[in-house]
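Trainee: Here it is, the structure, as C-alpha cells.
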Amino acid sequence: MTAVSLPRLMVEPLVHAALVEDLGLAGDVTSNAVIPADHRSRVVMAVRRDGVIAGLDLAEMAFRLVDPAIVFERHRHVFDGAKVRAGAVLATISGPSRALLTAERVALNFLGHLSGIATVTSQVVEAVSHTKARVVCTRKTTPGLRALEKYAVRMGGGMNHRFSLADAVLIKDNHIAIAGGVKEALKRAKTSAGHLLKIEVEVDTLEQLHEAMEEGADAVLLDNMTPEQLRKAVTIVAGRAITEASGGISLANAAAVAESGVDLLSMGWLTHSAPVLDIGLDFLDS
C-alpha cells in the first residue's frame with residue numbers, strides 16, 4: 001500500500017513536545033559529557049521482529065529537530081504500511097553523534113509504538129480477510145496521540161471509528177438508561193442531529209435491536225454478543241443499517257465473529273494494548 005503521511009502541522013508539535021520532555025532542563029548531559037562535540041557517526045535503524053511499519057516521518061522528524069545536519073536515508077521499499085521481516089533495515093542515519101543519541105529514544109518510542117499498532121491491526125485484518133468485515137479501532141487511545149494511533153491502524157489495513165465525540169451520535173448503554181430506553185434515546189437524537197450526522201445505537205439484546213430498527217438507526221453496535229447471536233442480529237437488520245460487533249473480540253476469535261456476517265469489528269485494544277514493535281539503532285562506524 002502507498003502511505004499517506006499525516007500533515008507536518010499535526011505531527012511536529014507532538015514530536016517537539018516529546019523531545020522537550022526528554023531533554024529536561026539541562027539537555028542530554030550524558031552525551032554532552034562523554035562524546036566530543038565534533039564526533040560523527042553512521043547508524044542503521046533495524047527491526048528486530050516481523051511487523052508492519054508506521055511512524056517513519058515522526059522518527060525522521062525527531063532526529064532532524066535535534067539537529068538539521070542529520071541525514072535520514074530511508075531504504076528502498078520501506079514506507080509506512082510496509083510489511084517487513086525481522087532484521088530488515090529501515091533507514092541509515094548519519095550526523096553528529098551527540099544529536100543521534102539525543103534523538104534516539106524519542107524516535108524509537110514513536111516508531112515502535114505506532115508500528116506495534118499497525119502490526120496487530122494487520123494480523124486481525126488478515127484473520128478476517130475471507131469475510132466482508134472491516135476492522136476498526138475506537139476512541140480508547142493515548143491522550144494527545146489519537147491522530148497518530150488511528151493513523152497507525154490505517155497503516156495496518158484497518159479503518160477508524162469516531163475521531164471525537166462530535167463525529168457522530170453514538171448512543172451507548174448509559175445514554176439509554178438515562179433517556180429511558182432505546183426508542184426514546186433515538187427519538188431525541190433524531191430531533192437534534194443534523195442531516196449529515198449519522199446515528200448509531202449500542203444494543204445488548206436482540207429485543208433492543210428490534211427497537212433500534214423500528215426507530216431507523218443508521219448503525220447498531222452489537223455489544224458482547226456470541227457469534228450465534230450476531231448471526232441472528234444480522235438477519236434482523238437485513239441490510240437496513242451498518243452492523244458493528246464489539247466487546248471481547250481478540251485475534252483468536254475475530255474470524256468467528258466476522259463470519260457471522262457483521263460489517264465491522266471494533267476493538268479498543270488495537271490502540272491501548274498493542275505491544276511495541278522492537279526496533280533499534282545499530283552503530284556502523286564512529
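By convention here, the chains of the C-alpha cells are called A, B, ... in the order presented, each chain's residues are numbered starting at 1, and ligands are numbered starting at 1 in the order presented.
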Quick one: which region 182-240 of chain A residues come within 12 Å of region 157-170 of chain A, and what is the nearest atom pair for each with the distance in Å to one decimal, counting only C-alpha atoms, rows ordered by chain and ascending number, as a tab-separated table?
Mentor:
residue	atom	partner	partner_atom	distance
A:Val182	CA	A:Leu170	CA	11.8
A:Ala185	CA	A:Leu170	CA	10.4
A:Leu186	CA	A:Val169	CA	9.6
A:Arg188	CA	A:Val169	CA	10.9
A:Ala189	CA	A:Val169	CA	7.4
A:Lys190	CA	A:Val169	CA	9.4
A:Thr191	CA	A:Val169	CA	11.8
A:Ser192	CA	A:Val169	CA	10.0
A:Ala193	CA	A:Val169	CA	7.7
A:Gly194	CA	A:Ala168	CA	9.9
A:His195	CA	A:Ala168	CA	11.1
A:Leu196	CA	A:Ala168	CA	8.9
A:Leu197	CA	A:Ala168	CA	5.5
A:Lys198	CA	A:Ala168	CA	5.4
A:Ile199	CA	A:Val169	CA	4.7
A:Glu200	CA	A:Leu170	CA	4.8
A:Val201	CA	A:Leu170	CA	5.6
A:Glu202	CA	A:Leu170	CA	7.4
A:Val203	CA	A:Leu170	CA	11.1
A:Ala217	CA	A:Leu170	CA	10.2
A:Asp218	CA	A:Val169	CA	9.9
A:Ala219	CA	A:Leu170	CA	9.0
A:Val220	CA	A:Leu170	CA	9.1
A:Leu221	CA	A:Leu170	CA	8.8
Trainee: Deliver the residues from the most recent selection as a file, using N, CA and C atoms, as a compact mmCIF listing (two decimals), in the first residue's frame.
Mentor:
# COMPACT_ATOMS: atom_id res chain seq x y z
N VAL A 182 -34.18 2.52 24.42
CA VAL A 182 -33.60 2.68 23.09
C VAL A 182 -34.45 3.61 22.23
N ALA A 185 -34.26 7.30 23.35
CA ALA A 185 -32.94 7.88 23.06
C ALA A 185 -32.80 8.19 21.58
N LEU A 186 -33.25 7.28 20.72
CA LEU A 186 -33.17 7.50 19.28
C LEU A 186 -34.06 8.66 18.84
N ARG A 188 -34.89 11.27 20.55
CA ARG A 188 -34.24 12.53 20.96
C ARG A 188 -33.07 12.85 20.03
N ALA A 189 -32.30 11.82 19.68
CA ALA A 189 -31.13 12.04 18.82
C ALA A 189 -31.57 12.54 17.44
N LYS A 190 -32.62 11.97 16.91
CA LYS A 190 -33.10 12.38 15.58
C LYS A 190 -33.61 13.81 15.58
N THR A 191 -34.11 14.24 16.71
CA THR A 191 -34.63 15.60 16.82
C THR A 191 -33.52 16.64 16.74
N SER A 192 -32.35 16.29 17.29
CA SER A 192 -31.27 17.28 17.37
C SER A 192 -30.17 17.08 16.34
N ALA A 193 -30.03 15.89 15.78
CA ALA A 193 -28.93 15.62 14.86
C ALA A 193 -29.17 16.27 13.49
N GLY A 194 -28.12 16.84 12.93
CA GLY A 194 -28.21 17.41 11.59
C GLY A 194 -28.32 16.31 10.54
N HIS A 195 -28.62 16.69 9.31
CA HIS A 195 -28.85 15.70 8.26
C HIS A 195 -27.61 14.92 7.86
N LEU A 196 -26.43 15.44 8.19
CA LEU A 196 -25.19 14.74 7.85
C LEU A 196 -24.64 13.91 9.01
N LEU A 197 -25.29 13.98 10.15
CA LEU A 197 -24.79 13.29 11.34
C LEU A 197 -25.45 11.91 11.47
N LYS A 198 -24.64 10.87 11.36
CA LYS A 198 -25.14 9.51 11.49
C LYS A 198 -25.46 9.18 12.95
N ILE A 199 -26.41 8.28 13.13
CA ILE A 199 -26.81 7.88 14.48
C ILE A 199 -26.62 6.38 14.65
N GLU A 200 -25.78 6.01 15.61
CA GLU A 200 -25.55 4.60 15.95
C GLU A 200 -26.02 4.37 17.38
N VAL A 201 -26.56 3.19 17.63
CA VAL A 201 -27.01 2.87 18.97
C VAL A 201 -26.45 1.52 19.40
N GLU A 202 -26.00 1.46 20.65
CA GLU A 202 -25.48 0.21 21.20
C GLU A 202 -26.63 -0.62 21.75
N VAL A 203 -26.65 -1.90 21.40
CA VAL A 203 -27.69 -2.80 21.93
C VAL A 203 -27.03 -4.03 22.53
N ALA A 217 -32.31 3.45 13.17
CA ALA A 217 -30.90 3.75 13.44
C ALA A 217 -30.07 3.53 12.18
N ASP A 218 -29.06 4.36 11.99
CA ASP A 218 -28.16 4.21 10.83
C ASP A 218 -27.18 3.06 11.03
N ALA A 219 -26.83 2.79 12.28
CA ALA A 219 -25.88 1.73 12.60
C ALA A 219 -26.21 1.18 13.98
N VAL A 220 -25.88 -0.08 14.20
CA VAL A 220 -26.11 -0.70 15.50
C VAL A 220 -24.82 -1.33 15.98
N LEU A 221 -24.48 -1.05 17.24
CA LEU A 221 -23.31 -1.64 17.88
C LEU A 221 -23.80 -2.83 18.70
Trainee: Any idea what's packed within 8 Å of region 74-82 of chain A, counting only C-alpha atoms, ignoring anything in its chain fewer than 5 positions away? Could you give it as a VMD selection string?
Mentor: chain A and resid 1 to 3 52 to 56 89 to 92 118 155 to 157
Trainee: If we count only C-alpha atoms and set the cut-off at 9 Å, which residues sit around Ala258 (chain A), ignoring sequence neighbours fewer than 4 positions away in its own chain? Please answer as an MDAnalysis selection string.
Mentor: chainID A and resid 128 130:134 227 245 253:254 262:265
Trainee: List the spatial neighbours of Val276 (chain A) as a ChimeraX atom specification - criterion: any atom at most 10 Å away, only C-alpha atoms, same-chain residues fewer than 6 positions off excluded.
Mentor: /A:108-120
Trainee: When you draw a straight line from CA of Ala255 (chain A) to CA of Val125 (chain A), how long is it in Å?
Mentor: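 CA of Val125 (chain A) lies 9.4 Å from CA of Ala255 (chain A).
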Trainee: Using only C-alpha atoms, determine which residues lie at most 7 Å from region 40-44 of chain A, disregarding the query and same-chain residues fewer than 5 positions distant; provide the list as a list in words.
Mentor: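 The neighbour list is Val89, Ala91, Thr92, Ile93, Ser94, Gly95, Pro96, Ser97, Leu281, Asp282, Phe283, Leu284, Asp285 and Ser286 of chain A.
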Trainee: At a cut-off of 9 Å, using only C-alpha atoms, what residues contact Ala88 (chain A)? Leave out same-chain residues fewer than 3 positions from it and give the result as a PyMOL selection string.
Mentor: chain A and resi 45-50+84-85
Trainee: From the DSSP assignment of the backbone, select every residue of region 86-157 of chain A that is strand (DSSP E), and format the answer as a list in words.
Mentor: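 The strand (DSSP E) subset of region 86-157 of chain A is Val89, Leu90, Ala91, Thr92, Ile93, Ser94, Gly95, Pro96, Arg134, Val135 and Val136 of chain A.
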Trainee: Just give me the gap between CA of Val106 (chain A) and CA of Phe63 (chain A) in Å, one decimal is fine.
Mentor: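 Computing it gives 8.7 Å between the two atoms.
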Trainee: Interatomic distance between CA of Ile178 (chain A) and CA of Ser246 (chain A)?
Mentor: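 Answer for the CA of Ile178 (chain A) to CA of Ser246 (chain A) separation: 21.8 Å.
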Trainee: Hey, which of A:Leu9, A:Ile279, A:Met225, A:Leu209 ends up closest to Met61 (chain A)? Count only C-alpha atoms.
Mentor: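 Checking each of A:Leu9, A:Ile279, A:Met225, A:Leu209 against Met61 (chain A), counting only C-alpha atoms, the winner is A:Leu9.
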Trainee: Within 12 Å of Glu214 (chain A), counting only C-alpha atoms, which residues show up once you throw out same-chain ones fewer than 4 positions away? Write them as a compact mmCIF listing (two decimals) with N, CA and C atoms, in the first residue's frame, please.
Mentor:
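Result written to result_10.txt:
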# COMPACT_ATOMS: atom_id res chain seq x y z
N VAL A 182 -34.18 2.52 24.42
CA VAL A 182 -33.60 2.68 23.09
C VAL A 182 -34.45 3.61 22.23
N LYS A 183 -35.74 3.39 22.20
CA LYS A 183 -36.61 4.19 21.34
C LYS A 183 -36.59 5.66 21.71
N GLU A 184 -36.68 5.93 23.00
CA GLU A 184 -36.69 7.33 23.43
C GLU A 184 -35.36 8.01 23.13
N LEU A 186 -33.25 7.28 20.72
CA LEU A 186 -33.17 7.50 19.28
C LEU A 186 -34.06 8.66 18.84
N LYS A 187 -35.25 8.75 19.39
CA LYS A 187 -36.15 9.85 19.04
C LYS A 187 -35.51 11.19 19.37
N GLU A 207 -33.85 -7.93 21.56
CA GLU A 207 -35.05 -7.13 21.79
C GLU A 207 -34.74 -5.64 21.57
N GLN A 208 -33.61 -5.20 22.13
CA GLN A 208 -33.20 -3.81 21.92
C GLN A 208 -32.91 -3.55 20.44
N LEU A 209 -32.37 -4.54 19.76
CA LEU A 209 -32.08 -4.39 18.34
C LEU A 209 -33.36 -4.15 17.54
N HIS A 210 -34.41 -4.90 17.84
CA HIS A 210 -35.69 -4.69 17.16
C HIS A 210 -36.17 -3.25 17.36
N ASP A 218 -29.06 4.36 11.99
CA ASP A 218 -28.16 4.21 10.83
C ASP A 218 -27.18 3.06 11.03
N ILE A 236 -31.90 -9.96 11.41
CA ILE A 236 -32.91 -8.97 11.80
C ILE A 236 -32.69 -7.65 11.08
N VAL A 237 -31.43 -7.21 11.03
CA VAL A 237 -31.11 -5.93 10.40
C VAL A 237 -31.37 -5.99 8.90
N ARG A 240 -30.50 -3.03 6.57
CA ARG A 240 -31.10 -1.71 6.80
C ARG A 240 -30.19 -0.77 7.58
N ALA A 241 -29.15 -1.31 8.20
CA ALA A 241 -28.21 -0.50 8.98
C ALA A 241 -26.86 -1.19 8.98
Trainee: Restricting the calculation to only C-alpha atoms, which member of A:Leu148, A:Asn174, A:Ala99, A:Arg231 is positioned closest to Ala37 (chain A)?
Mentor: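 Checking each of A:Leu148, A:Asn174, A:Ala99, A:Arg231 against Ala37 (chain A), counting only C-alpha atoms, the winner is A:Ala99.
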Trainee: Pull the alpha helix (DSSP H) assignments for region 127-274 of chain A out of DSSP run on the backbone, and list those residues as a PyMOL selection string.
Mentor: chain A and resi 127+146-155+173-179+182-192+206-214+227-237+254-258+269-272
Trainee: Those residues with C-alpha atoms, as a JSON list (two decimals), in the first residue's frame please?
Mentor:
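Output contents, as saved in out-v3.json:
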[["chain", "number", "residue", "atom", "x", "y", "z"],
["A", 127, "ALA", "CA", -7.64, -13.20, 10.11],
["A", 146, "ARG", "CA", -5.21, 9.85, 18.92],
["A", 147, "ALA", "CA", -4.42, 11.11, 15.41],
["A", 148, "LEU", "CA", -1.16, 9.14, 15.38],
["A", 149, "GLU", "CA", -2.62, 5.92, 16.76],
["A", 150, "LYS", "CA", -5.59, 5.98, 14.40],
["A", 151, "TYR", "CA", -3.16, 6.64, 11.54],
["A", 152, "ALA", "CA", -1.23, 3.53, 12.58],
["A", 153, "VAL", "CA", -4.45, 1.49, 12.46],
["A", 154, "ARG", "CA", -4.94, 2.62, 8.86],
["A", 155, "MET", "CA", -1.37, 1.66, 8.03],
["A", 173, "ASP", "CA", -25.92, 1.95, 27.45],
["A", 174, "ASN", "CA", -25.66, 4.87, 29.87],
["A", 175, "HIS", "CA", -27.38, 7.21, 27.41],
["A", 176, "ILE", "CA", -30.15, 4.64, 27.02],
["A", 177, "ALA", "CA", -30.53, 4.21, 30.78],
["A", 178, "ILE", "CA", -30.84, 7.95, 31.34],
["A", 179, "ALA", "CA", -33.16, 8.50, 28.37],
["A", 182, "VAL", "CA", -33.60, 2.68, 23.09],
["A", 183, "LYS", "CA", -36.61, 4.19, 21.34],
["A", 184, "GLU", "CA", -36.69, 7.33, 23.43],
["A", 185, "ALA", "CA", -32.94, 7.88, 23.06],
["A", 186, "LEU", "CA", -33.17, 7.50, 19.28],
["A", 187, "LYS", "CA", -36.15, 9.85, 19.04],
["A", 188, "ARG", "CA", -34.24, 12.53, 20.96],
["A", 189, "ALA", "CA", -31.13, 12.04, 18.82],
["A", 190, "LYS", "CA", -33.10, 12.38, 15.58],
["A", 191, "THR", "CA", -34.63, 15.60, 16.82],
["A", 192, "SER", "CA", -31.27, 17.28, 17.37],
["A", 206, "LEU", "CA", -31.99, -8.77, 20.23],
["A", 207, "GLU", "CA", -35.05, -7.13, 21.79],
["A", 208, "GLN", "CA", -33.20, -3.81, 21.92],
["A", 209, "LEU", "CA", -32.08, -4.39, 18.34],
["A", 210, "HIS", "CA", -35.69, -4.69, 17.16],
["A", 211, "GLU", "CA", -36.43, -1.35, 18.85],
["A", 212, "ALA", "CA", -33.42, 0.28, 17.19],
["A", 213, "MET", "CA", -34.52, -0.91, 13.76],
["A", 214, "GLU", "CA", -38.09, 0.29, 14.33],
["A", 227, "PRO", "CA", -21.34, -15.44, 17.03],
["A", 228, "GLU", "CA", -24.77, -17.14, 17.04],
["A", 229, "GLN", "CA", -26.44, -14.01, 18.44],
["A", 230, "LEU", "CA", -24.60, -11.91, 15.88],
["A", 231, "ARG", "CA", -25.87, -14.09, 13.04],
["A", 232, "LYS", "CA", -29.43, -13.58, 14.29],
["A", 233, "ALA", "CA", -28.80, -9.85, 14.59],
["A", 234, "VAL", "CA", -27.55, -9.63, 11.00],
["A", 235, "THR", "CA", -30.71, -11.40, 9.84],
["A", 236, "ILE", "CA", -32.91, -8.97, 11.80],
["A", 237, "VAL", "CA", -31.11, -5.93, 10.40],
["A", 254, "ALA", "CA", -12.04, -12.45, 15.23],
["A", 255, "ALA", "CA", -12.68, -14.85, 12.34],
["A", 256, "ALA", "CA", -15.66, -16.46, 14.07],
["A", 257, "VAL", "CA", -17.12, -13.04, 14.83],
["A", 258, "ALA", "CA", -16.60, -11.84, 11.26],
["A", 269, "TRP", "CA", -7.06, -3.00, 22.34],
["A", 270, "LEU", "CA", -5.64, -2.25, 18.90],
["A", 271, "THR", "CA", -4.58, 1.13, 20.24],
["A", 272, "HIS", "CA", -4.48, 0.78, 24.02]]
